[in-house]
>>> print(open('run_27.txt').read())   # compact mmCIF, C-alpha atoms
# COMPACT_ATOMS: atom_id res chain seq x y z
CA MET A 1 -149.65 113.69 -65.28
CA ASP A 2 -153.41 114.08 -65.14
CA TYR A 3 -154.08 113.34 -61.52
CA SER A 4 -156.02 115.65 -59.30
CA LEU A 5 -156.09 115.31 -55.56
CA HIS A 6 -159.36 114.24 -53.96
CA PHE A 7 -159.09 113.53 -50.30
CA GLY A 8 -162.81 112.70 -49.99
CA ALA A 9 -162.36 108.95 -50.40
CA VAL A 10 -159.69 108.93 -47.70
CA TRP A 11 -161.71 111.10 -45.28
CA ALA A 12 -164.64 108.73 -45.73
CA SER A 13 -162.59 105.99 -44.11
CA PHE A 14 -160.66 108.24 -41.75
CA ASP A 15 -162.26 106.60 -38.70
CA LYS A 16 -160.82 103.26 -39.81
CA LEU A 17 -157.38 104.80 -40.11
CA LEU A 18 -157.66 106.26 -36.63
CA LEU A 19 -158.82 102.92 -35.25
CA GLY A 20 -155.86 101.32 -37.03
CA LEU A 21 -153.54 103.85 -35.42
CA ALA A 22 -154.99 102.98 -32.01
CA ILE A 23 -154.50 99.26 -32.67
CA GLY A 24 -150.87 99.90 -33.65
CA LEU A 25 -150.32 101.92 -30.48
CA GLY A 26 -151.97 99.22 -28.38
CA LEU A 27 -149.78 96.51 -29.90
CA ALA A 28 -146.68 98.62 -29.25
CA VAL A 29 -147.65 99.39 -25.64
CA VAL A 30 -148.30 95.75 -24.73
CA ALA A 31 -145.21 94.53 -26.61
CA VAL A 32 -142.90 97.12 -25.03
CA ALA A 33 -144.35 96.39 -21.57
CA ILE A 34 -143.49 92.69 -21.95
CA GLY A 35 -140.24 93.64 -23.68
CA THR A 36 -139.29 95.82 -20.71
CA VAL A 37 -139.53 92.83 -18.38
CA LEU A 38 -137.49 90.71 -20.80
CA GLY A 39 -135.00 93.53 -21.28
CA LEU A 40 -134.56 94.12 -17.55
CA LEU A 41 -133.98 90.41 -16.90
CA ALA A 42 -131.52 90.11 -19.77
CA ALA A 43 -129.74 93.35 -18.84
CA PHE A 44 -129.17 92.21 -15.25
CA ALA A 45 -128.09 88.82 -16.62
CA SER A 46 -125.61 90.51 -18.96
CA VAL A 47 -123.76 92.11 -16.03
CA ALA A 48 -124.16 89.12 -13.69
CA PRO A 49 -121.08 87.49 -12.19
CA TYR A 50 -122.03 84.18 -13.86
CA ARG A 51 -120.61 83.51 -17.27
CA MET A 52 -123.54 81.29 -18.23
CA LEU A 53 -126.08 84.09 -17.70
CA ARG A 54 -123.93 86.61 -19.55
CA SER A 55 -123.63 84.35 -22.61
CA LEU A 56 -127.36 83.62 -22.58
CA ALA A 57 -128.17 87.33 -22.56
CA ALA A 58 -125.63 88.01 -25.33
CA LEU A 59 -127.07 85.17 -27.40
CA TYR A 60 -130.62 86.50 -27.04
CA VAL A 61 -129.60 90.01 -28.07
CA SER A 62 -127.51 89.09 -31.09
CA LEU A 63 -129.98 86.45 -32.27
CA ILE A 64 -133.02 88.72 -32.20
CA ARG A 65 -131.37 91.95 -33.31
CA ASN A 66 -129.97 90.34 -36.43
CA LEU A 67 -133.22 88.72 -37.54
CA PRO A 68 -135.75 90.70 -39.59
CA LEU A 69 -138.90 91.34 -37.53
CA LEU A 70 -141.04 90.05 -40.40
CA VAL A 71 -139.32 86.64 -40.16
CA LEU A 72 -140.06 86.51 -36.43
CA VAL A 73 -143.67 87.49 -37.04
CA LEU A 74 -144.18 84.88 -39.75
CA LEU A 75 -142.50 82.25 -37.58
CA ALA A 76 -144.78 83.06 -34.66
CA TYR A 77 -147.95 83.10 -36.76
CA PHE A 78 -147.39 80.37 -39.35
CA ALA A 79 -144.72 78.08 -37.94
CA LEU A 80 -145.63 77.77 -34.26
CA PRO A 81 -148.94 76.01 -35.02
CA GLN A 82 -146.87 73.27 -36.65
CA ALA A 83 -145.19 72.81 -33.27
CA GLY A 84 -148.58 72.61 -31.58
CA ILE A 85 -148.76 76.22 -30.31
CA THR A 86 -151.62 78.08 -31.95
CA LEU A 87 -151.86 81.81 -31.30
CA ASP A 88 -154.21 84.26 -32.98
CA LYS A 89 -152.71 87.05 -35.07
CA TYR A 90 -152.76 89.61 -32.25
CA GLN A 91 -151.13 87.27 -29.75
CA SER A 92 -148.46 86.05 -32.15
CA PHE A 93 -147.61 89.56 -33.36
CA THR A 94 -147.46 90.95 -29.82
CA GLY A 95 -145.26 88.03 -28.80
CA ALA A 96 -142.90 88.57 -31.71
CA LEU A 97 -142.72 92.33 -31.15
CA ALA A 98 -142.19 91.80 -27.40
CA LEU A 99 -139.29 89.44 -28.08
CA TYR A 100 -137.88 91.90 -30.62
CA SER A 101 -138.21 94.97 -28.39
CA GLY A 102 -136.79 93.01 -25.46
CA ALA A 103 -133.50 92.58 -27.31
CA TYR A 104 -133.22 96.30 -28.05
CA LEU A 105 -134.24 97.18 -24.49
CA THR A 106 -131.58 94.85 -23.10
CA GLU A 107 -128.95 97.08 -24.70
CA VAL A 108 -130.73 100.19 -23.45
CA PHE A 109 -130.91 98.94 -19.85
CA ARG A 110 -127.39 97.56 -20.01
CA ALA A 111 -126.06 100.98 -20.94
CA GLY A 112 -128.11 102.41 -18.06
CA LEU A 113 -126.71 99.83 -15.64
CA ILE A 114 -123.13 100.55 -16.64
CA SER A 115 -123.72 104.27 -16.08
CA VAL A 116 -124.67 103.77 -12.40
CA PRO A 117 -121.70 105.06 -10.38
CA LYS A 118 -119.83 102.35 -8.51
CA GLY A 119 -119.68 104.41 -5.32
CA VAL A 120 -123.48 104.41 -5.06
CA ILE A 121 -123.56 100.61 -5.15
CA GLU A 122 -120.75 100.38 -2.59
CA ALA A 123 -122.53 102.84 -0.32
CA ALA A 124 -125.75 100.81 -0.51
CA ARG A 125 -123.88 97.60 0.29
CA SER A 126 -122.02 99.20 3.17
CA ILE A 127 -125.21 100.28 4.94
CA GLY A 128 -126.18 96.61 4.96
CA LEU A 129 -128.51 96.22 1.99
CA THR A 130 -128.41 92.79 0.39
CA ARG A 131 -127.45 92.47 -3.25
CA LEU A 132 -131.12 92.10 -4.24
CA GLN A 133 -132.15 95.13 -2.18
CA THR A 134 -129.35 97.18 -3.71
CA ASN A 135 -130.44 96.23 -7.20
CA VAL A 136 -134.13 96.85 -6.62
CA SER A 137 -134.10 100.05 -4.60
CA VAL A 138 -130.83 101.73 -5.58
CA VAL A 139 -129.51 100.56 -8.94
CA ALA A 140 -132.84 100.12 -10.76
CA PRO A 141 -134.23 103.65 -10.18
CA ILE A 142 -130.98 105.34 -11.27
CA MET A 143 -130.72 103.02 -14.26
CA LEU A 144 -134.32 103.64 -15.31
CA ARG A 145 -133.84 107.39 -15.19
CA ASN A 146 -130.70 107.15 -17.28
CA ALA A 147 -132.38 104.78 -19.73
CA LEU A 148 -135.58 106.81 -20.10
CA PRO A 149 -134.65 108.73 -23.30
CA SER A 150 -133.52 105.56 -25.11
CA LEU A 151 -136.55 103.71 -23.78
CA GLY A 152 -138.72 106.35 -25.42
CA ASN A 153 -136.89 106.06 -28.71
CA THR A 154 -137.28 102.28 -28.64
CA PHE A 155 -141.00 102.69 -28.01
CA ILE A 156 -141.34 104.98 -31.03
CA GLY A 157 -139.38 102.46 -33.11
CA MET A 158 -141.65 99.62 -31.99
CA PHE A 159 -144.75 101.72 -32.73
CA LYS A 160 -143.49 102.19 -36.29
CA ASP A 161 -142.71 98.47 -36.50
CA SER A 162 -146.31 97.67 -35.57
CA SER A 163 -146.98 98.44 -39.27
CA ILE A 164 -145.50 95.00 -40.01
CA ALA A 165 -148.61 93.45 -38.43
CA ALA A 166 -150.28 94.33 -41.75
CA ALA A 167 -148.43 91.33 -43.22
CA ILE A 168 -150.57 88.95 -41.16
CA ALA A 169 -153.77 90.97 -41.74
CA VAL A 170 -153.99 92.74 -38.38
CA PRO A 171 -156.25 95.71 -39.21
CA GLU A 172 -153.84 98.41 -38.07
CA LEU A 173 -153.06 101.69 -39.87
CA THR A 174 -150.90 100.34 -42.70
CA PHE A 175 -153.32 97.52 -43.42
CA GLU A 176 -156.29 99.91 -43.55
CA ALA A 177 -154.35 102.36 -45.71
CA ARG A 178 -153.48 99.64 -48.16
CA LYS A 179 -157.12 98.59 -48.31
CA ILE A 180 -158.27 102.15 -49.02
CA ASN A 181 -155.52 102.45 -51.62
CA VAL A 182 -156.64 99.31 -53.44
CA ASP A 183 -160.37 100.11 -53.14
CA THR A 184 -160.29 103.74 -54.25
CA PHE A 185 -157.00 104.21 -56.15
CA ARG A 186 -156.52 107.52 -54.30
CA VAL A 187 -152.88 106.57 -54.08
CA ILE A 188 -151.14 109.81 -53.20
CA GLU A 189 -153.83 110.92 -50.76
CA THR A 190 -153.90 107.59 -48.92
CA TRP A 191 -150.19 107.38 -48.32
CA THR A 192 -149.79 111.05 -47.46
CA VAL A 193 -152.53 110.76 -44.84
CA ALA A 194 -151.18 107.44 -43.49
CA SER A 195 -147.62 108.67 -43.15
CA GLY A 196 -148.90 112.01 -41.78
CA LEU A 197 -150.75 110.10 -39.07
CA TYR A 198 -147.64 108.09 -38.19
CA ILE A 199 -145.49 111.21 -38.04
CA ALA A 200 -148.06 113.08 -35.94
CA ALA A 201 -148.31 110.16 -33.52
CA CYS A 202 -144.51 109.92 -33.26
CA VAL A 203 -144.23 113.66 -32.59
CA VAL A 204 -146.91 113.51 -29.86
CA ILE A 205 -145.30 110.47 -28.22
CA ALA A 206 -141.89 112.17 -28.33
CA MET A 207 -143.34 115.28 -26.68
CA LEU A 208 -145.04 113.23 -23.95
CA LEU A 209 -141.77 111.41 -23.30
CA ARG A 210 -139.81 114.66 -23.02
CA GLY A 211 -142.37 115.84 -20.50
CA MET A 212 -142.00 112.63 -18.54
CA GLU A 213 -138.20 112.92 -18.53
CA ARG A 214 -138.45 116.38 -17.03
CA ARG A 215 -140.56 115.10 -14.15
CA PHE A 216 -137.93 112.61 -13.06
CA PRO A 217 -134.96 114.01 -11.16
CA LYS A 218 -131.64 113.52 -12.90
CA PHE A 219 -128.87 111.69 -11.11
CA MET B 1 -134.59 65.78 -41.16
CA HIS B 2 -133.94 63.72 -44.25
CA ALA B 3 -137.11 65.01 -45.88
CA PHE B 4 -136.05 68.58 -45.09
CA LEU B 5 -132.61 68.11 -46.66
CA ASP B 6 -134.30 66.67 -49.73
CA GLN B 7 -136.55 69.70 -50.02
CA LEU B 8 -133.63 72.01 -49.35
CA TRP B 9 -131.69 70.41 -52.19
CA ILE B 10 -134.67 70.74 -54.55
CA SER B 11 -135.10 74.42 -53.71
CA ARG B 12 -131.41 75.37 -53.62
CA PHE B 13 -131.53 77.54 -56.75
CA ALA B 14 -134.62 79.45 -55.64
CA LEU B 15 -133.06 80.14 -52.24
CA TRP B 16 -129.78 81.18 -53.80
CA ASP B 17 -131.57 83.60 -56.17
CA GLY B 18 -133.44 85.10 -53.24
CA PHE B 19 -130.27 85.42 -51.19
CA VAL B 20 -128.45 87.16 -54.06
CA LEU B 21 -131.36 89.56 -54.63
CA THR B 22 -131.46 90.41 -50.93
CA ALA B 23 -127.74 91.19 -50.99
CA GLU B 24 -128.09 93.22 -54.21
CA ILE B 25 -130.99 95.29 -52.88
CA ALA B 26 -129.16 95.98 -49.62
CA ALA B 27 -125.95 96.90 -51.47
CA ALA B 28 -127.75 99.18 -53.94
CA SER B 29 -129.69 100.97 -51.22
CA ILE B 30 -126.64 101.51 -49.03
CA LEU B 31 -124.81 102.93 -52.08
CA PHE B 32 -127.60 105.34 -53.06
CA GLY B 33 -128.36 106.05 -49.43
CA THR B 34 -124.73 107.01 -48.78
CA LEU B 35 -124.63 109.39 -51.75
CA LEU B 36 -127.89 110.97 -50.66
CA GLY B 37 -126.94 110.93 -46.99
CA GLY B 38 -123.63 112.65 -47.79
CA ILE B 39 -125.46 115.58 -49.35
CA VAL B 40 -128.08 115.66 -46.60
CA GLY B 41 -125.52 115.51 -43.79
CA ILE B 42 -123.47 118.39 -45.22
CA GLN B 43 -126.57 120.53 -45.82
CA LEU B 44 -127.89 119.87 -42.31
CA SER B 45 -124.56 120.90 -40.81
CA TYR B 46 -123.51 123.93 -42.85
CA ALA B 47 -126.40 125.25 -44.96
CA PRO B 48 -128.28 128.45 -44.03
CA TRP B 49 -131.62 127.78 -42.33
CA TRP B 50 -133.83 128.22 -45.43
CA LEU B 51 -131.78 125.64 -47.33
CA LYS B 52 -131.61 123.38 -44.29
CA LEU B 53 -135.40 123.33 -43.93
CA PRO B 54 -136.28 121.00 -46.86
CA PHE B 55 -133.54 118.56 -45.83
CA ARG B 56 -134.74 118.55 -42.22
CA LEU B 57 -138.28 117.94 -43.49
CA TYR B 58 -137.06 115.03 -45.61
CA VAL B 59 -135.12 113.44 -42.75
CA ASP B 60 -137.94 113.81 -40.23
CA THR B 61 -140.54 112.48 -42.67
CA MET B 62 -138.45 109.40 -43.41
CA ARG B 63 -137.70 108.79 -39.75
CA GLY B 64 -141.27 109.29 -38.61
CA THR B 65 -142.77 106.90 -41.15
CA PRO B 66 -142.51 103.11 -40.89
CA VAL B 67 -140.31 101.52 -43.56
CA LEU B 68 -143.23 99.37 -44.69
CA VAL B 69 -145.30 102.49 -45.40
CA LEU B 70 -142.38 103.96 -47.38
CA ILE B 71 -142.14 100.76 -49.39
CA LEU B 72 -145.87 100.62 -50.11
CA ALA B 73 -145.92 104.33 -51.01
CA ALA B 74 -142.94 103.89 -53.36
CA PHE B 75 -144.68 100.92 -54.91
CA TYR B 76 -148.08 102.55 -55.53
CA ILE B 77 -147.38 106.28 -56.00
CA PRO B 78 -145.05 106.32 -59.05
CA SER B 79 -147.68 104.57 -61.19
CA VAL B 80 -150.12 107.49 -60.93
CA ALA B 81 -147.28 109.87 -61.73
CA GLY B 82 -146.85 108.00 -65.02
CA LEU B 83 -143.61 106.31 -63.96
CA SER B 84 -143.55 102.57 -64.14
CA LEU B 85 -141.28 101.12 -61.50
CA GLY B 86 -141.08 97.40 -60.96
CA PRO B 87 -141.44 96.14 -57.38
CA THR B 88 -137.69 95.66 -57.03
CA GLN B 89 -136.99 99.20 -58.22
CA ALA B 90 -139.71 100.69 -56.04
CA GLY B 91 -138.45 98.77 -53.01
CA THR B 92 -134.85 99.79 -53.62
CA LEU B 93 -136.00 103.40 -54.00
CA ALA B 94 -137.83 103.27 -50.66
CA LEU B 95 -134.90 101.67 -48.84
CA SER B 96 -132.46 104.17 -50.40
CA LEU B 97 -134.56 107.13 -49.29
CA PHE B 98 -134.79 105.60 -45.81
CA ALA B 99 -131.04 104.96 -45.71
CA GLY B 100 -130.32 108.48 -47.02
CA ALA B 101 -132.18 110.03 -44.10
CA HIS B 102 -130.47 107.83 -41.51
CA ILE B 103 -127.00 108.27 -42.97
CA GLY B 104 -127.59 112.01 -43.33
CA GLU B 105 -128.50 112.27 -39.68
CA LEU B 106 -125.54 110.23 -38.46
CA LEU B 107 -123.15 112.18 -40.70
CA ARG B 108 -124.55 115.41 -39.27
CA GLY B 109 -123.83 114.10 -35.80
CA SER B 110 -120.26 113.21 -36.74
CA LEU B 111 -119.64 116.54 -38.49
CA GLN B 112 -120.92 118.52 -35.54
CA ALA B 113 -118.74 116.52 -33.14
CA ILE B 114 -115.58 117.81 -34.83
CA PRO B 115 -114.02 120.54 -32.68
CA PRO B 116 -114.65 123.98 -34.27
CA GLY B 117 -110.92 124.70 -34.10
CA GLN B 118 -110.42 122.27 -37.00
CA ALA B 119 -112.58 124.31 -39.37
CA GLU B 120 -111.05 127.58 -38.16
CA ALA B 121 -107.52 126.26 -38.67
CA GLY B 122 -108.44 125.09 -42.17
CA ARG B 123 -109.96 128.48 -43.05
CA SER B 124 -106.97 130.35 -41.68
CA ILE B 125 -104.53 128.53 -43.94
CA GLY B 126 -106.69 129.63 -46.87
CA LEU B 127 -108.70 126.51 -47.76
CA THR B 128 -111.92 127.14 -49.66
CA PHE B 129 -115.07 125.50 -48.25
CA PRO B 130 -114.99 122.49 -50.64
CA GLN B 131 -111.32 121.96 -49.82
CA LEU B 132 -112.00 122.28 -46.10
CA LEU B 133 -114.76 119.70 -46.44
CA ALA B 134 -112.71 117.27 -48.51
CA TYR B 135 -109.40 117.45 -46.64
CA VAL B 136 -110.29 118.33 -43.07
CA LEU B 137 -113.92 117.72 -42.09
CA LEU B 138 -115.16 114.70 -44.06
CA PRO B 139 -112.18 112.43 -43.31
CA GLN B 140 -112.61 113.04 -39.58
CA ALA B 141 -116.38 112.63 -39.73
CA ALA B 142 -116.08 109.44 -41.78
CA ARG B 143 -113.98 107.95 -39.03
CA SER B 144 -116.63 108.23 -36.34
CA ALA B 145 -119.53 107.61 -38.75
CA LEU B 146 -118.13 104.31 -40.05
CA PRO B 147 -119.35 101.93 -37.30
CA PRO B 148 -122.98 103.20 -37.30
CA TRP B 149 -122.83 103.26 -41.11
CA ILE B 150 -122.10 99.53 -41.11
CA ASN B 151 -125.03 99.01 -38.73
CA THR B 152 -127.25 100.77 -41.25
CA GLY B 153 -126.28 97.89 -43.56
CA VAL B 154 -127.75 95.44 -41.03
CA GLU B 155 -130.95 97.50 -40.88
CA LEU B 156 -131.18 97.50 -44.68
CA ILE B 157 -130.76 93.74 -44.94
CA LYS B 158 -133.48 93.32 -42.33
CA GLY B 159 -135.60 95.94 -44.09
CA SER B 160 -135.23 94.22 -47.47
CA SER B 161 -137.31 91.34 -46.08
CA LEU B 162 -140.30 93.72 -46.15
CA LEU B 163 -140.07 93.84 -49.95
CA SER B 164 -141.58 90.35 -49.96
CA ILE B 165 -144.90 92.09 -49.18
CA ILE B 166 -144.89 93.91 -52.55
CA GLY B 167 -143.82 90.74 -54.36
CA VAL B 168 -140.06 91.15 -54.75
CA GLY B 169 -138.56 87.67 -55.03
CA GLU B 170 -135.94 88.13 -52.34
CA LEU B 171 -134.96 85.58 -49.73
CA LEU B 172 -138.14 85.76 -47.63
CA LEU B 173 -140.59 85.59 -50.56
CA LYS B 174 -138.67 82.66 -52.06
CA THR B 175 -138.87 80.97 -48.66
CA GLN B 176 -142.62 81.56 -48.52
CA GLU B 177 -143.01 80.13 -52.03
CA ILE B 178 -141.07 77.03 -51.04
CA ILE B 179 -143.19 76.64 -47.89
CA GLY B 180 -146.31 76.98 -50.03
CA ARG B 181 -145.12 73.94 -51.95
CA ASN B 182 -143.93 71.61 -49.20
CA PHE B 183 -145.56 72.96 -46.00
CA MET B 184 -142.30 72.63 -44.04
CA THR B 185 -143.09 75.90 -42.30
CA ILE B 186 -140.79 75.79 -39.29
CA GLN B 187 -137.84 74.27 -41.11
CA PHE B 188 -137.71 76.78 -43.95
CA TYR B 189 -138.48 79.89 -41.89
CA VAL B 190 -135.73 78.88 -39.47
CA PHE B 191 -133.38 78.23 -42.38
CA ALA B 192 -134.10 81.67 -43.88
CA GLY B 193 -133.69 83.21 -40.45
CA MET B 194 -130.30 81.57 -40.12
CA LEU B 195 -129.19 82.97 -43.47
CA TYR B 196 -130.18 86.47 -42.32
CA LEU B 197 -128.37 85.87 -39.03
CA VAL B 198 -125.18 84.80 -40.78
CA ILE B 199 -124.93 87.91 -42.97
CA ASN B 200 -126.01 90.29 -40.25
CA ILE B 201 -123.76 88.91 -37.54
CA ALA B 202 -120.85 89.03 -39.98
CA LEU B 203 -121.66 92.70 -40.70
CA ASP B 204 -122.15 93.40 -36.99
CA GLN B 205 -118.75 91.91 -36.15
CA LEU B 206 -117.18 93.94 -38.96
CA GLY B 207 -118.73 97.05 -37.43
CA LYS B 208 -117.34 96.16 -34.00
CA ALA B 209 -113.89 95.45 -35.42
CA VAL B 210 -113.89 98.80 -37.23
CA GLU B 211 -115.05 100.52 -34.06
CA ARG B 212 -112.15 99.03 -32.10
CA ARG B 213 -109.63 100.13 -34.72
CA VAL B 214 -111.13 103.58 -35.12
CA GLY B 215 -111.26 103.99 -31.37
CA GLN B 216 -107.49 103.67 -31.08
CA HIS B 217 -106.02 107.07 -31.82
>>> encode(input="run_27.txt", output="structure tokens")
Amino acid sequence: MDYSLHFGAVWASFDKLLLGLAIGLGLAVVAVAIGTVLGLLAAFASVAPYRMLRSLAALYVSLIRNLPLLVLVLLAYFALPQAGITLDKYQSFTGALALYSGAYLTEVFRAGLISVPKGVIEAARSIGLTRLQTNVSVVAPIMLRNALPSLGNTFIGMFKDSSIAAAIAVPELTFEARKINVDTFRVIETWTVASGLYIAACVVIAMLLRGMERRFPKF
Amino acid sequence: MHAFLDQLWISRFALWDGFVLTAEIAAASILFGTLLGGIVGIQLSYAPWWLKLPFRLYVDTMRGTPVLVLILAAFYIPSVAGLSLGPTQAGTLALSLFAGAHIGELLRGSLQAIPPGQAEAGRSIGLTFPQLLAYVLLPQAARSALPPWINTGVELIKGSSLLSIIGVGELLLKTQEIIGRNFMTIQFYVFAGMLYLVINIALDQLGKAVERRVGQH
């Protein structure tokens, strides 16, 4: 094997890789923010006293969790225009990732909801809070605290999945890395740097999340 | 609808080939991943720290890198090392390495959940370490690792769709080729999606059924 490492070609485009990393993070943040709303709605629906709502939530979760993300992304980008809805690549990818993360977050929030002690809910009801008030100001905060670690893991997962945006030419980290790879043939260097950046970002996010968990009181 | 069924009939062989390749890739990577994960899980649980270190590094690297990056790296890197892997082989390699890390980690979790008294009891009746592993620890760990192991299968089937990006003719790439010919974008993406759903929901239900049975002691 006559291959010697030269990182120069990769460093020359390092700013593009960093920009790509930022784009990936941005996509994940927006998608998870929308996904959190979807997940909260579906999680409350999945424990609702109405059978209809429960089945709808279950359908959403099992439909989305069993579909490859790439299929969702391609559907959103290439197939929706056929139905008259035209989104640019950022919008369609964010939409697909939001829908995808929402399904995972439903499970996360559901587990958090189930872990709220029954006595707390009964106490809230007995001091005269309505069902909505109980959910908003008693159940939700406890649930969010319990769900925080899994929420963080889901966010890291979605950040890694933002690499799939490369398939529809969103210039994020994987896309830029592939371009450098094809332009310069510095194969080993490119992929080591790209995966190093992903790992570093994941480690930093995980550390930030641990810090955040410590700041919230545990119930 | 009629036009779609016509097109579906014309492309039935292509879709079937893609479906079979998807299943083969997922099966091969869960097989290799389980072998690898078995070794990794045991090392992570029982090896001394200096031996544990490379395995921990492997697991964390695989888990911190997106699957797509693993696939692209496995596709491009072997060629400069003088190995010529086809896209299918490279993709299966990437998915196997990914599966190995995940299975290793979940096996470690299951092994460490076994009460220490089990290992002590095994030692005290004179079992050697391999015997202890084979007769006492692994059977118990396998029991709790089985449901998440089946879910890894779902992840691998979903992950195999990414191989379409490096040109492996699995279900998704075949679907894209068919769409390139007849422009029935929605119909064929939805059809492919439904095929993925059918296999994955079947696997998911299998996992849940196993979990129920394993849960009953």
>>> interface_residues(input="run_27.txt", of="chain B", to="chain A", cutoff="7 Å", atoms="only C-alpha atoms", output="ChimeraX atom specification")
/B:61,64-66,68-69,73,76-77,81-82,158-159,161-162,165,185-186,189,193,196-197,200-201
>>> residues_around(input="run_27.txt", residues="Val47 in chain A", least_positions_apart="6", cutoff="12 Å", atoms="only C-alpha atoms", output="PyMOL selection string")
chain A and resi 40-41+53-58+106-107+109-114+135
>>> residues_around(input="run_27.txt", residues="Val37 in chain A", least_positions_apart="6", cutoff="10 Å", atoms="all atoms listed in the file", output="PyMOL selection string")
chain A and resi 43+98+102+105-106
>>> atom_distance(input="run_27.txt", atom1="CA of Asn182 in chain B", atom2="CA of Gly167 in chain B")
19.8 Å
>>> closest_residue(input="run_27.txt", among="B:His2, B:Thr22, B:Phe98, B:Val210", to="Ala142 in chain B", atoms="all atoms listed in the file")
B:Val210
>>> closest_residue(input="run_27.txt", among="A:Tyr90, A:Tyr100, A:Phe7, A:Phe216", to="Pro149 in chain A", atoms="all atoms listed in the file")
A:Phe216
>>> atom_distance(input="run_27.txt", atom1="CA of Phe155 in chain A", atom2="CA of Ile157 in chain B")
21.7 Å
>>> closest_residue(input="run_27.txt", among="A:Leu151, A:Ala28, A:Leu17, A:Val138", to="Arg210 in chain A", atoms="only C-alpha atoms")
A:Leu151
>>> atom_distance(input="run_27.txt", atom1="CA of Leu25 in chain A", atom2="CA of Val154 in chain B")
25.7 Å
>>> residues_around(input="run_27.txt", residues="Gln89 in chain B", least_positions_apart="6", cutoff="10 Å", atoms="only C-alpha atoms", output="ChimeraX atom specification")
/B:25,74-75,95,168
>>> residues_around(input="run_27.txt", residues="range 43-47 of chain B", least_positions_apart="2", cutoff="12 Å", atoms="only C-alpha atoms", output="PyMOL selection string")
chain B and resi 36-41+49-60+101+103-114+119+129-130+133+137-138+141
>>> write_last_selection(input="run_27.txt", atoms="C-alpha atoms", output="CSV table (one decimal), in the frame of the given file")
chain,number,residue,atom,x,y,z
B,36,LEU,CA,-127.9,111.0,-50.7
B,37,GLY,CA,-126.9,110.9,-47.0
B,38,GLY,CA,-123.6,112.6,-47.8
B,39,ILE,CA,-125.5,115.6,-49.4
B,40,VAL,CA,-128.1,115.7,-46.6
B,41,GLY,CA,-125.5,115.5,-43.8
B,49,TRP,CA,-131.6,127.8,-42.3
B,50,TRP,CA,-133.8,128.2,-45.4
B,51,LEU,CA,-131.8,125.6,-47.3
B,52,LYS,CA,-131.6,123.4,-44.3
B,53,LEU,CA,-135.4,123.3,-43.9
B,54,PRO,CA,-136.3,121.0,-46.9
B,55,PHE,CA,-133.5,118.6,-45.8
B,56,ARG,CA,-134.7,118.6,-42.2
B,57,LEU,CA,-138.3,117.9,-43.5
B,58,TYR,CA,-137.1,115.0,-45.6
B,59,VAL,CA,-135.1,113.4,-42.8
B,60,ASP,CA,-137.9,113.8,-40.2
B,101,ALA,CA,-132.2,110.0,-44.1
B,103,ILE,CA,-127.0,108.3,-43.0
B,104,GLY,CA,-127.6,112.0,-43.3
B,105,GLU,CA,-128.5,112.3,-39.7
B,106,LEU,CA,-125.5,110.2,-38.5
B,107,LEU,CA,-123.2,112.2,-40.7
B,108,ARG,CA,-124.6,115.4,-39.3
B,109,GLY,CA,-123.8,114.1,-35.8
B,110,SER,CA,-120.3,113.2,-36.7
B,111,LEU,CA,-119.6,116.5,-38.5
B,112,GLN,CA,-120.9,118.5,-35.5
B,113,ALA,CA,-118.7,116.5,-33.1
B,114,ILE,CA,-115.6,117.8,-34.8
B,119,ALA,CA,-112.6,124.3,-39.4
B,129,PHE,CA,-115.1,125.5,-48.2
B,130,PRO,CA,-115.0,122.5,-50.6
B,133,LEU,CA,-114.8,119.7,-46.4
B,137,LEU,CA,-113.9,117.7,-42.1
B,138,LEU,CA,-115.2,114.7,-44.1
B,141,ALA,CA,-116.4,112.6,-39.7
>>> decode(input="run_27.txt", residues="range 165-172 of chain A", atoms="N, CA and C atoms", output="mmCIF file, in the first residue's frame")
data_model
loop_
_atom_site.group_PDB
_atom_site.id
_atom_site.type_symbol
_atom_site.label_atom_id
_atom_site.label_comp_id
_atom_site.auth_asym_id
_atom_site.auth_seq_id
_atom_site.Cartn_x
_atom_site.Cartn_y
_atom_site.Cartn_z
ATOM 1 N N ALA A 165 -29.331 14.287 4.601
ATOM 2 C CA ALA A 165 -29.663 15.416 3.726
ATOM 3 C C ALA A 165 -28.702 15.489 2.536
ATOM 4 N N ALA A 166 -27.524 14.859 2.671
ATOM 5 C CA ALA A 166 -26.576 14.831 1.552
ATOM 6 C C ALA A 166 -27.211 14.193 0.312
ATOM 7 N N ALA A 167 -28.173 13.294 0.531
ATOM 8 C CA ALA A 167 -28.800 12.591 -0.599
ATOM 9 C C ALA A 167 -29.605 13.531 -1.486
ATOM 10 N N ILE A 168 -30.073 14.663 -0.924
ATOM 11 C CA ILE A 168 -30.784 15.615 -1.776
ATOM 12 C C ILE A 168 -29.958 16.900 -1.917
ATOM 13 N N ALA A 169 -28.621 16.728 -1.807
ATOM 14 C CA ALA A 169 -27.670 17.810 -2.100
ATOM 15 C C ALA A 169 -27.770 19.013 -1.174
ATOM 16 N N VAL A 170 -28.162 18.794 0.083
ATOM 17 C CA VAL A 170 -28.036 19.863 1.076
ATOM 18 C C VAL A 170 -26.556 19.919 1.464
ATOM 19 N N PRO A 171 -25.910 21.090 1.385
ATOM 20 C CA PRO A 171 -24.459 21.118 1.608
ATOM 21 C C PRO A 171 -24.067 20.991 3.074
ATOM 22 N N GLU A 172 -24.435 19.877 3.714
ATOM 23 C CA GLU A 172 -24.021 19.700 5.103
ATOM 24 C C GLU A 172 -22.725 18.880 5.122
#
